[in-house]
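Down below is the structure, laid out as structure tokens.
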Amino acid sequence: MFFFDGWCGEKESKRELKFPCFYTDQGTVNMFLRPIEGITIVVDIEEMKVTQYNDREVAPIPKSEPTEYRWSKLKPPFGPRLNSVTTLPTGPGFKIDGNTVKWANWVFNVGFDARVAPLEPLKDCPPNAVFIDGYFTSQDGAPIQTPNAICIFERHTGDVMWRHTEAEMPGDVREVRPEVSLVVRMVATVGNYDYVIDWEFKPSGSIKLGPMEFAMVNPNKKTKIGHPVGYRLLPGLVVGPLLTDDDYPQIRAGFTDYNIWVTPYNKSEKYSGGNYVDQSHGDDTLLQWTDGNREIENKDIVLWYTMGIHHAPCQEDFPVMPTVSGGFELRPTNFFEYNPVLKVIPPKHVQWPNCTGKHQPVSTLNIWW
């Protein structure tokens, strides 16, 4: 396994690779958690010669027992058990007791107030959803019921919860787990706005909710009502650099100084870190392109969105780190004359007989045409 540091200020650089050492024997294939500390080897790959060998210290090698992640090698207790995409005959993978919800490793309470509106089954929530009624008091203290105020369902997005392939070890070492999350959904209607609020709980312990927006418009083209057409950016996770401005990696990666950049279109400006990132001296990057302060109004523009993740290690990353997601959304803003999905045909609820020959509740299938 090798790591390339890239250009670090040398007047003349070589094609050299630094090789750290890992212990790959006895009990585990998770070699990254068993480094041989203190030993590094530098190789000139043009001459295929070892140019440096450093043996700085003798450090203990971590034990192999807690580092295993292969299912065939793990020992009980196991869990949590998550439902597959197909809803099981036994029902949902979560339990509701009053206001308490239990799912995977989660136990939490669901609250309700009068601002929450009723949900439409199969439209507001998927077929595998379970609904909870809400109650509030009238002015005279009488209880008023709001049916289907909250829905809870397991979401199967096709994403990966975690995976790892160990290419440096012999054999076919590959482990992967599909992502399943639990969504608690409610709708709040305030004036002429309906707010769909999703609290998404993940088995890894994460909770997701969403962010602020930035709009880009074309003042030369307007809708029939008179609004300039545009798109808005809904950022996901945003981070900034941790290096100082004079650090060589930061000189090459000046585009990380800000999360959003806008430049006039230039076909030669294709890569924010320059054409050859590792060997860049920082003179052909997005940071330098914006120093010219070129005009962007009424120009073909390029929106650069910098996204990334700072990994602050914690115990839950051991022995294999759960997936951390980042992203963004580009959404039209007065780009269409009206809601472009307004006339989408709603699903029809069709009952299919159960083909097992046993007397069980029928399955539900949504058919579109």
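In the structure tokens, the first chain shown is A, the next is B, and so on; residue numbers restart at 1 for each chain, and ligands run from 1 in the order shown.
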
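Within region 120-274 of chain A, DSSP applied to the backbone places the following residues in alpha helix (DSSP H): A:Tyr248, A:Pro249, A:Gln250, A:Ile251, A:Arg252.
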
### Query
Neighbours of Glu175 (chain A) within 7 Å (only C-alpha atoms; same-chain residues fewer than 6 positions away dropped), as a PyMOL selection string?
chain A and resi 70+163-165

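Reported to one decimal place, the separation of CA of Glu166 (chain A) from CA of Pro20 (chain A) is 16.4 Å.
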
May I have a table of the residues of region 52-87 of chain A lying at most 10 Å from region 28-41 of chain A, giving each one's closest pair of atoms and their distance in Å to one decimal, counting only C-alpha atoms, ordered by chain and ascending residue number, as a tab-separated table?
residue	atom	partner	partner_atom	distance
A:Gln52	CA	A:Ile41	CA	5.7
A:Tyr53	CA	A:Ile41	CA	4.8
A:Asn54	CA	A:Thr40	CA	5.3
A:Asp55	CA	A:Ile39	CA	4.6
A:Arg56	CA	A:Gly38	CA	4.9
A:Glu57	CA	A:Gly38	CA	5.0
A:Val58	CA	A:Gly38	CA	6.7
A:Ala59	CA	A:Glu37	CA	5.8
A:Pro60	CA	A:Ile36	CA	8.0
A:Ile61	CA	A:Arg34	CA	6.0
A:Pro62	CA	A:Arg34	CA	5.6
A:Lys63	CA	A:Arg34	CA	7.7
A:Ser64	CA	A:Thr28	CA	5.7
A:Glu65	CA	A:Thr28	CA	7.5
A:Pro66	CA	A:Thr28	CA	9.0
A:Thr67	CA	A:Asn30	CA	6.3
A:Glu68	CA	A:Thr28	CA	5.7
A:Tyr69	CA	A:Asn30	CA	7.7
A:Arg70	CA	A:Val29	CA	8.7
A:Lys73	CA	A:Thr28	CA	9.0

Print the selection's residues with N, CA, C and O atoms to a file, as a CSV table (one decimal), in the first residue's frame.
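For reference, selection.csv as written:
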chain,number,residue,atom,x,y,z
A,52,GLN,N,14.9,5.9,0.6
A,52,GLN,CA,14.9,6.2,2.0
A,52,GLN,C,14.3,5.0,2.8
A,52,GLN,O,13.4,4.3,2.3
A,53,TYR,N,14.9,4.7,3.9
A,53,TYR,CA,14.4,3.7,4.9
A,53,TYR,C,14.5,4.3,6.3
A,53,TYR,O,15.6,4.6,6.7
A,54,ASN,N,13.4,4.4,6.9
A,54,ASN,CA,13.3,5.0,8.2
A,54,ASN,C,12.7,4.0,9.2
A,54,ASN,O,11.6,3.5,9.0
A,55,ASP,N,13.5,3.8,10.3
A,55,ASP,CA,13.0,2.9,11.4
A,55,ASP,C,13.1,3.7,12.7
A,55,ASP,O,14.2,3.7,13.3
A,56,ARG,N,12.1,4.5,13.0
A,56,ARG,CA,12.2,5.5,14.1
A,56,ARG,C,12.0,4.9,15.5
A,56,ARG,O,12.6,5.4,16.4
A,57,GLU,N,11.1,3.9,15.6
A,57,GLU,CA,10.8,3.4,16.9
A,57,GLU,C,10.2,2.0,16.8
A,57,GLU,O,9.8,1.5,15.7
A,58,VAL,N,10.1,1.3,18.0
A,58,VAL,CA,9.5,0.0,18.1
A,58,VAL,C,8.2,0.3,18.8
A,58,VAL,O,8.2,0.6,20.0
A,59,ALA,N,7.0,0.1,18.1
A,59,ALA,CA,5.7,0.3,18.7
A,59,ALA,C,4.9,-1.0,18.7
A,59,ALA,O,5.1,-1.8,17.8
A,60,PRO,N,4.1,-1.2,19.7
A,60,PRO,CA,3.3,-2.5,19.8
A,60,PRO,C,2.3,-2.5,18.6
A,60,PRO,O,1.7,-1.5,18.2
A,61,ILE,N,2.0,-3.7,18.1
A,61,ILE,CA,1.0,-3.9,17.1
A,61,ILE,C,-0.3,-4.2,17.7
A,61,ILE,O,-0.4,-5.0,18.6
A,62,PRO,N,-1.4,-3.5,17.3
A,62,PRO,CA,-2.7,-3.8,17.9
A,62,PRO,C,-3.1,-5.2,17.7
A,62,PRO,O,-2.8,-5.9,16.7
A,63,LYS,N,-3.9,-5.7,18.7
A,63,LYS,CA,-4.4,-7.1,18.6
A,63,LYS,C,-5.4,-7.2,17.5
A,63,LYS,O,-6.1,-6.3,17.1
A,64,SER,N,-5.5,-8.5,17.0
A,64,SER,CA,-6.4,-8.7,15.8
A,64,SER,C,-7.8,-8.9,16.2
A,64,SER,O,-8.8,-8.7,15.4
A,65,GLU,N,-8.1,-9.3,17.5
A,65,GLU,CA,-9.5,-9.8,17.8
A,65,GLU,C,-10.6,-8.8,17.6
A,65,GLU,O,-11.6,-9.2,17.0
A,66,PRO,N,-10.5,-7.5,18.0
A,66,PRO,CA,-11.6,-6.6,17.8
A,66,PRO,C,-11.7,-5.9,16.4
A,66,PRO,O,-12.5,-5.1,16.2
A,67,THR,N,-10.8,-6.3,15.5
A,67,THR,CA,-10.7,-5.6,14.2
A,67,THR,C,-11.4,-6.2,13.1
A,67,THR,O,-11.5,-5.7,12.0
A,68,GLU,N,-12.0,-7.4,13.3
A,68,GLU,CA,-12.6,-8.2,12.2
A,68,GLU,C,-14.0,-7.6,11.8
A,68,GLU,O,-14.8,-7.1,12.7
A,69,TYR,N,-14.3,-7.6,10.6
A,69,TYR,CA,-15.6,-7.1,10.1
A,69,TYR,C,-16.3,-8.1,9.2
A,69,TYR,O,-17.5,-7.9,8.8
A,70,ARG,N,-15.7,-9.2,8.8
A,70,ARG,CA,-16.3,-10.2,7.9
A,70,ARG,C,-17.4,-10.9,8.7
A,70,ARG,O,-17.2,-11.4,9.8
A,73,LYS,N,-16.8,-14.3,10.2
A,73,LYS,CA,-15.8,-14.4,11.3
A,73,LYS,C,-16.4,-13.7,12.6
A,73,LYS,O,-15.7,-13.8,13.6

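Neighbours of Phe136 (chain A) closer than or equal to 7 Å, with only C-alpha atoms counted and sequence neighbours fewer than 5 positions away skipped, come out as Asp113, Ala114, Pro143, Ile144 and Gln145 of chain A.
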
#### Entry: Given only C-alpha atoms as the counted atoms, nearest of A:Val183, A:Leu17, A:Ala253, A:Leu234 to Phe94 (chain A)
A:Val183

Which residues of region 155-183 of chain A come within 12 Å of region 187-201 of chain A, and for each one, what is the closest pair of atoms and their distance in Å to one decimal, counting only C-alpha atoms, sorted by chain and residue number, as a tab-separated table?
residue	atom	partner	partner_atom	distance
A:Arg155	CA	A:Glu200	CA	8.9
A:His156	CA	A:Glu200	CA	11.8
A:Glu179	CA	A:Phe201	CA	11.2
A:Val180	CA	A:Phe201	CA	9.2
A:Ser181	CA	A:Phe201	CA	5.6
A:Leu182	CA	A:Phe201	CA	5.1
A:Val183	CA	A:Glu200	CA	4.5

Selection from above, N, CA and C atoms, as a PDB file, in the first residue's frame, can you write it?
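And here's result_37.pdb as it stands now:
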ATOM      1  N   ARG A 155     -37.252   3.209   5.219  1.00  0.00           N
ATOM      2  CA  ARG A 155     -36.898   3.698   3.887  1.00  0.00           C
ATOM      3  C   ARG A 155     -35.746   2.867   3.331  1.00  0.00           C
ATOM      4  N   HIS A 156     -35.946   2.351   2.129  1.00  0.00           N
ATOM      5  CA  HIS A 156     -34.924   1.578   1.422  1.00  0.00           C
ATOM      6  C   HIS A 156     -34.545   2.362   0.173  1.00  0.00           C
ATOM      7  N   GLU A 179     -28.287   0.132   3.143  1.00  0.00           N
ATOM      8  CA  GLU A 179     -28.780   1.182   4.024  1.00  0.00           C
ATOM      9  C   GLU A 179     -30.288   1.064   4.216  1.00  0.00           C
ATOM     10  N   VAL A 180     -30.727   1.079   5.441  1.00  0.00           N
ATOM     11  CA  VAL A 180     -32.135   1.145   5.796  1.00  0.00           C
ATOM     12  C   VAL A 180     -32.268   2.209   6.875  1.00  0.00           C
ATOM     13  N   SER A 181     -33.214   3.104   6.740  1.00  0.00           N
ATOM     14  CA  SER A 181     -33.423   4.125   7.754  1.00  0.00           C
ATOM     15  C   SER A 181     -34.893   4.156   8.142  1.00  0.00           C
ATOM     16  N   LEU A 182     -35.167   4.742   9.280  1.00  0.00           N
ATOM     17  CA  LEU A 182     -36.536   4.894   9.761  1.00  0.00           C
ATOM     18  C   LEU A 182     -36.925   6.363   9.650  1.00  0.00           C
ATOM     19  N   VAL A 183     -38.053   6.611   8.997  1.00  0.00           N
ATOM     20  CA  VAL A 183     -38.504   7.977   8.769  1.00  0.00           C
ATOM     21  C   VAL A 183     -39.769   8.239   9.569  1.00  0.00           C
TER      22      VAL A 183
END

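Reported to one decimal place, the separation of CA of Ile152 (chain A) from CA of Cys125 (chain A) is 8.3 Å.
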
### Task
Could you pull out the residues in region 152-368 of chain A that DSSP calls strand (DSSP E) from the backbone, as a PyMOL selection string?
chain A and resi 152-155+160-165+174-178+181-190+193-201+207-208+214-222+228-235+260-264+301-305+328-333+348-352+363-367

#### Entry: CA of Arg177 (chain A) to CA of Gly327 (chain A), straight-line distance in Å
20.6 Å
